[in-house]
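Student: Would you mind keeping the following structure in view while I ask a few things?
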Protein chains: 2
Amino acid sequence: MLARLKQFLKDQKLDFLLLPNSDQFFSEYLPENEKRIEWLTGFTGSNATVIFGQEKSYFFTDGRYILQAKNQLDLNEFEIFNLAETPLLSKIPTGAKLGVDPALTSVTFAKNLQKKFPLIEFVETAEIFSSKQKHLAATNSAKSYFSLSDKVTGTDSETKIAQLLQDLGTDAILITKPENICWLLNIRGRDLEFTPIFLTYAILTKNGEITLFRDQIPDLKNKIKSIQIDESSTNYWLHRQLEKSGFELVNKNDPIDLLKSPKNPTEIFGAIKAHEEDGLAVTKFLFWLSQQSESDEISAAKKLLEFRQESPNFFSESFAAISGFASNGAIIHYHSTNETNKKISGDSLYLIDSGGQYLGEDFCGTTDITRTVAIGNPSAEMIENFTRVLKGHIAIARAKFPRGTSGAQLDILAREHLWRAELNYDHGTGHGVGSFLSVHEGPCAISKRGHQELLCGMILSNEPGFYKDGEYGIRIENLLLIEESEQKNFIQFRTLTLAPIDPKLIDFKMLTYPEKKWLASYHNEILQKFSGRLDGKNFDWLSAIAKTFLEKL
Amino acid sequence: MLARLKQFLKDQKLDFLLLPNSDQFFSEYLPENEKRIEWLTGFTGSNATVIFGQEKSYFFTDGRYILQAKNQLDLNEFEIFNLAETPLLSKIPTGAKLGVDPALTSVTFAKNLQKKFPLIEFVETAEIFSSKQKHLAATNSAKSYFSLSDKVTGTDSETKIAQLLQDLGTDAILITKPENICWLLNIRGRDLEFTPIFLTYAILTKNGEITLFRDQIPDLKNKIKSIQIDESSTNYWLHRQLEKSGFELVNKNDPIDLLKSPKNPTEIFGAIKAHEEDGLAVTKFLFWLSQQSESDEISAAKKLLEFRQESPNFFSESFAAISGFASNGAIIHYHSTNETNKKISGDSLYLIDSGGQYLGEDFCGTTDITRTVAIGNPSAEMIENFTRVLKGHIAIARAKFPRGTSGAQLDILAREHLWRAELNYDHGTGHGVGSFLSVHEGPCAISKRGHQELLCGMILSNEPGFYKDGEYGIRIENLLLIEESEQKNFIQFRTLTLAPIDPKLIDFKMLTYPEKKWLASYHNEILQKFSGRLDGKNFDWLSAIAKTFLEKL
């Protein structure tokens, strides 16, 4: 396929072709028929942009994937760069003729490129990949959606549409994020493996008419003149089609991002139920794991999936589980393969980060949980660092803050105790989570850059960690719901996730009384919730853990 | 004078005149001959902007001053507004003819006004105030500056100028902040009561020539074409003069703000020495106060000044001391007058916030310290809240953080324990402090909005507080120096201020071991530093305090 691409460069008289690892929807998890970078380079990670040339090609990714890229790429073809060190466009001479596929590039990025490379050519690259897919929109998914009842969503689509149209200053709005269309219309789909959405665009007119489309712009010229779009999430091909059709385009952040972020009472009920189902499966898994001596990363992840599947309401995983033992646990976005699969035995830490999508009769929800457990005898250093991560986790979980506070303000609570030992972790502390939607959902976040005000009803992860390259990884992740404080003047978190934390990894001397109290009451809550839902041995195991935390008070 | 202003409105055919409480340098502490708002309205607070009209005038200030304004203003003339609730310009009809004095308005603000009020008139208002001052620049201070030796500044002026010119993209730079000119030229002055600067503008050309001026633009047309200016700190009058003279003006933040913020080793040495002198005076004062039963706010502040004056290196206070007992302590920017002066007796808290400017043979520096002490028997609530403030103070003092961290990220450490009780304080946690310069110095800050990266050598205050309206105020303020951690990978604070914290206000049960350890070692350091420098009784008193902290460990 690389030869075909080089022929394409020749035919189109291009010096370079810039190709991101992306589809026309900028999906977080690419559908099978959109994995262009994997086909061309063999690279299976998520973050990559390649600048293909006739002689030389430049492969860009982030620090997480440098090692993996070196293993998977043909180093005679590709030079590998870390985006944090080498700016993406620094390798292209200013006078070069650079090709870019407009369907795979956001308007924002395309406009930036045009400023720097006046000779830029927007070229459709579909013919390069025609052997693998008929065209970019190969999977026609428009038929595969299904509706959610109001019992499950809490707000009917008409109300959501009315809310959205309220502040609309144009004749219509283009919605390009499939998850936002799914939220607005209370529908879901099966186009992706982990996010229950179907891939579509929509135009909603001021009078409430909505048109779904994908490859063909609907004919609306007689009805509307101006359309609000979000340039950061709209691909340039679509933008050009609309411009050519003569519409006046007004650029604004997609307002659905913020509308769908604070969950309504029904969605909150759903999140709580989903976390009960999910926590039960994870608790069963952790007990099962404690009984194994011969398990490995892949079979453990499979076992956890089986426990999840015991729930009749389990829909799918919410992302590919990260199951890493010892040094593999230090790879933040690790994906175990037959080549890397480690036996879970010896003295070290095992980290498993996973989640589920749940859809029941009267609820739906999305989960995301990480537990790190001791295998054999963990070292004193592992215990000290786990305890520092735990102190940060508890500080976030216990935080109370005035309305108007952003996630950026809270972030340090999770890091303070690591920083004191001059340690840190190279990812955010928390991301927003959808309601039977994306497991990573904007616009809220707990991180240096999370400037969105935190609002009641938002659901966020709380996942500080620590990673020692080549040795072990630690992460403790629960999901949190934001709610009013009892006196209603402040807001606070309520932890939704229910699964025990390994007491063997805790140095209780490093904990304050409020921290120990939080642990005791958290495990007591789990015990109450799962009473009668676990078999005898499993419940005894859980009771013993809860008792340990009580005794340490 | 108000009648004269109204006549001026008539003569100039203006509907309104907008007048800020400002001088042409936007000085934080106004010189006596610049107090226009006080002359016109009787208001003595610092923050005020008045929109004078023929019939009605609108007086805007912030929450701190609403009560004071109501007492000082003629309510038949003035309607009072809180800027947090009513936008400044909302009271002026769009079509109105609005007058603004260009010398008292920044370019940034003037440009905003022009967008909203096309009929704006820039009018010099000097004639209104001619009875009080000959003209706006009445005090000719150009002669009153003095030089600082390199022994005291650590860097000679030539080096500073070379550093500044290094990145200059224009033929010259206009410097409008007098403190920045004083820093650059290693000079100081006595134009203001608390900040040892003299008021001037400067133009520095690319070849290193510097011209100071104030009312008359120097003739540089043959030498330079383009000038870099900072529109946010340049008044519109000056900007117009330069424009009229045909210069090309390029707007950029004044680079000196960031150049002078990280102190060099000599300035750091000076800060440490100044804090020893100052801490000794405050310690003497706190002992003296503990022996009084009949003192009052004004006489106590006077006594503290006398203790400071015992140092031969004391130059002046760095701001007007805030000396408030009981309910007066709850007024954040309180200034005691004969009318409000309270006796310091009974059961409550006394808060004193003060500072000094020091200039010795081989050092100079600026201090700022707040202590809150128990008078009589403080209530359990006071003790609990003081302890919460103290926990925040210690968390900032002990913080360690990676390079690249901003003050905005740290701020929550000071508030976390207050927030848990749904309490807060309505001011930032810390401001930058100059080196024998302004006690409030940008661009660094510890606050929600403090996005400047914290750098080694910066000096900041650490001053969390709590204020119960009508009852009492709590604030604990030390200055901090940023320095490298021992392993040099992280940065951390070193507390510069040396004066005891009242143990009677601490609930030791609420403190963690590291917090108690910090208190014990802080007081031990004070004891060591002041050994041999206090009289017997005073030293015994200090020793007893230090011992208390040791025993609580």
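Going through the structure tokens in order, the chains are called A, B, and so on, while each chain numbers its residues from 1 and the ligands are numbered from 1 in the order shown.
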Need the shell around stretch 76-82 of chain A: protein/DNA/RNA residues with any atom at most 7 Å away, counting only C-alpha atoms. Skip same-chain ones fewer than 2 positions apart. Format as a VMD selection string?
Tutor: chain A and resid 56 to 63 66 73 to 74 84 to 86
Student: Using C-alpha atoms, can you write the selected residues to a file as a PDB file, in the first residue's frame?
Tutor:
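Written file, again.pdb:
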```
ATOM      1  CA  LYS A  56      11.772   9.836   3.307  1.00  0.00           C
ATOM      2  CA  SER A  57       8.745   9.763   5.588  1.00  0.00           C
ATOM      3  CA  TYR A  58       8.438  11.382   9.007  1.00  0.00           C
ATOM      4  CA  PHE A  59       6.467   9.596  11.708  1.00  0.00           C
ATOM      5  CA  PHE A  60       5.241  11.672  14.686  1.00  0.00           C
ATOM      6  CA  THR A  61       3.799  10.351  17.923  1.00  0.00           C
ATOM      7  CA  ASP A  62       4.009  11.095  21.660  1.00  0.00           C
ATOM      8  CA  GLY A  63       6.310   9.749  24.342  1.00  0.00           C
ATOM      9  CA  ILE A  66       8.102   5.984  20.691  1.00  0.00           C
ATOM     10  CA  LEU A  73       7.994   0.563  11.753  1.00  0.00           C
ATOM     11  CA  ASP A  74      10.431  -0.039   8.917  1.00  0.00           C
ATOM     12  CA  ALA A  84       6.822  17.019  22.455  1.00  0.00           C
ATOM     13  CA  GLU A  85      10.332  17.624  21.085  1.00  0.00           C
ATOM     14  CA  THR A  86       9.896  18.174  17.341  1.00  0.00           C
TER      15      THR A  86
END
```
Student: So that I can check the surroundings of stretch 523-535 of chain A, please list as a list in words every protein, DNA and RNA residue that reaches within 9 Å of it, counting only C-alpha atoms and ignoring chain neighbours fewer than 5 positions away.
Tutor: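 These residues fall inside the cut-off: Glu276, Gly279, Leu280, Thr283, Lys284, Leu498, Ala499, Pro500, Ile501, Trp518, Asp540, Leu542, Ser543, Ile545, Ala546, Lys547, Phe549 and Leu550 of chain A.
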Student: Export C-alpha atoms of the chosen residues as a JSON list (two decimals), in the first residue's frame?
Tutor:
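File written: out.json
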```json
[["chain", "number", "residue", "atom", "x", "y", "z"],
["A", 276, "GLU", "CA", -23.06, -1.26, 41.05],
["A", 279, "GLY", "CA", -18.17, -2.87, 40.69],
["A", 280, "LEU", "CA", -19.63, -6.29, 41.42],
["A", 283, "THR", "CA", -14.85, -7.28, 42.87],
["A", 284, "LYS", "CA", -15.44, -10.84, 41.66],
["A", 498, "LEU", "CA", -17.37, 0.30, 43.96],
["A", 499, "ALA", "CA", -14.43, -2.08, 44.22],
["A", 500, "PRO", "CA", -11.89, -2.69, 46.97],
["A", 501, "ILE", "CA", -8.44, -1.10, 47.11],
["A", 518, "TRP", "CA", -12.52, 7.65, 54.04],
["A", 540, "ASP", "CA", -15.56, -13.36, 53.24],
["A", 542, "LEU", "CA", -14.27, -8.65, 50.84],
["A", 543, "SER", "CA", -15.31, -8.58, 54.53],
["A", 545, "ILE", "CA", -10.54, -6.26, 53.52],
["A", 546, "ALA", "CA", -13.24, -3.97, 54.94],
["A", 547, "LYS", "CA", -12.33, -5.15, 58.44],
["A", 549, "PHE", "CA", -9.58, -0.75, 57.03],
["A", 550, "LEU", "CA", -11.81, -0.50, 60.11]]
```
Student: Please find the residues of chain B near chain A - the criterion being any atom within 8 Å, counting only C-alpha atoms - and write them as a list of chain:residue names.
Tutor: B:Ala399, B:Lys400, B:Phe401, B:Pro402, B:Ala408, B:Gln409, B:Leu410, B:Asp411, B:Ile412, B:Leu413, B:Glu416, B:Trp419, B:Arg420, B:Glu422, B:Lys448, B:Asn489, B:Phe490, B:Thr512
Student: Please extract the residues of stretch 185-343 of chain B with a backbone DSSP assignment of helix (DSSP H, G or I) and present them as a ChimeraX atom specification.
Tutor: /B:185,236-244,256-260,265-290,297-309,326-330
Student: What's around A:Ala110 at 12 Å? Count only C-alpha atoms, leave out sequence neighbours fewer than 2 positions away in its own chain, and write the answer as a ChimeraX atom specification.
Tutor: /A:18,98-108,112-118,120-122,231-237,239-240
Student: Could you please determine the separation between atom CA of B:Asn538 and atom CA of B:Ala281 in Å, to one decimal place?
Tutor: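 According to the coordinates, atom CA of B:Asn538 and atom CA of B:Ala281 are separated by 11.5 Å.
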Student: Counting only C-alpha atoms, which of A:Tyr467, A:Lys10, A:Val433, A:Asn207 gets nearest to A:Asn328?
Tutor: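 Closest candidate: A:Tyr467.
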Student: Report the distance between atom CA of A:Trp183 and atom CA of A:Gly432 in Å, rounded to one decimal place.
Tutor: 15.0 Å
Student: Where does DSSP see strand (DSSP E or B) in stretch 158-337 of chain B, if you list the residues as a PyMOL selection string?
Tutor: chain B and resi 172-175+187-188+201-205+210-213+226-229+235+248-251+296+314-317+322-325
Student: Please measure the separation of atom CA of B:Tyr201 and atom CA of B:Phe314, giving the value in Å to one decimal.
Tutor: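 Atom CA of B:Phe314 lies at a distance of 27.6 Å from atom CA of B:Tyr201.
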Student: I'd like a table as a Markdown table: residues in stretch 322-380 of chain A with an atom no more than 12 Å from stretch 300-309 of chain A, each row giving the shortest atom pair and its distance in Å to one decimal, only C-alpha atoms counted, sorted by chain and rising residue number.
Tutor:
```
| residue | atom | partner | partner_atom | distance |
| --- | --- | --- | --- | --- |
| A:Ile322 | CA | A:Ala301 | CA | 7.9 |
| A:Ser323 | CA | A:Ala301 | CA | 6.2 |
| A:Gly324 | CA | A:Ala301 | CA | 9.5 |
| A:Phe325 | CA | A:Ala300 | CA | 10.5 |
| A:His335 | CA | A:Ala301 | CA | 10.6 |
| A:Ser336 | CA | A:Ala301 | CA | 9.4 |
| A:Thr337 | CA | A:Ala301 | CA | 11.6 |
| A:Asn341 | CA | A:Ala300 | CA | 10.6 |
| A:Lys342 | CA | A:Ala300 | CA | 10.6 |
| A:Lys343 | CA | A:Ala300 | CA | 9.8 |
| A:Ile344 | CA | A:Ala300 | CA | 8.8 |
| A:Tyr350 | CA | A:Ala300 | CA | 10.4 |
| A:Leu351 | CA | A:Ala301 | CA | 10.6 |
| A:Ile352 | CA | A:Ala301 | CA | 7.8 |
| A:Asp353 | CA | A:Ala301 | CA | 9.4 |
| A:Ser354 | CA | A:Ala301 | CA | 8.5 |
| A:Gly355 | CA | A:Arg308 | CA | 9.2 |
| A:Gly356 | CA | A:Arg308 | CA | 7.7 |
| A:Gln357 | CA | A:Arg308 | CA | 9.9 |
| A:Tyr358 | CA | A:Arg308 | CA | 9.7 |
| A:Thr367 | CA | A:Arg308 | CA | 11.3 |
| A:Ile369 | CA | A:Leu304 | CA | 11.9 |
```
Student: Within 9 Å of B:Asp257, counting only C-alpha atoms, which residues show up once you throw out same-chain ones fewer than 5 positions away? Write them as number ranges by chain, please.
Tutor: B: 180, 441-443
Student: Would you write out those residues with C-alpha atoms, as a compact mmCIF listing (two decimals), in the first residue's frame?
Tutor:
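Final file, result-v1.txt:
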```txt
# COMPACT_ATOMS: atom_id res chain seq x y z
CA ASN B 180 10.40 49.33 36.23
CA GLU B 441 4.59 43.36 42.27
CA GLY B 442 3.55 41.42 39.17
CA PRO B 443 3.51 39.22 37.24
```
Student: Point out the residue among A:Ile187, A:Leu455, A:Ala445, A:Leu553 with the least atom-to-atom distance to A:Tyr145, counting only C-alpha atoms.
Tutor: A:Ile187
Student: Pick from B:Ile332, B:Cys444, B:Ile197, B:Ile268: nearest to B:Phe25, with only C-alpha atoms counted?
Tutor: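 Once distances to B:Phe25 are computed over only C-alpha atoms, the minimum belongs to B:Ile197.
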Student: Might you pull out every residue within 7 Å of B:Lys206, with only C-alpha atoms counted and same-chain residues fewer than 3 positions away left off, and present them as a PyMOL selection string?
Tutor: chain B and resi 165+171-172
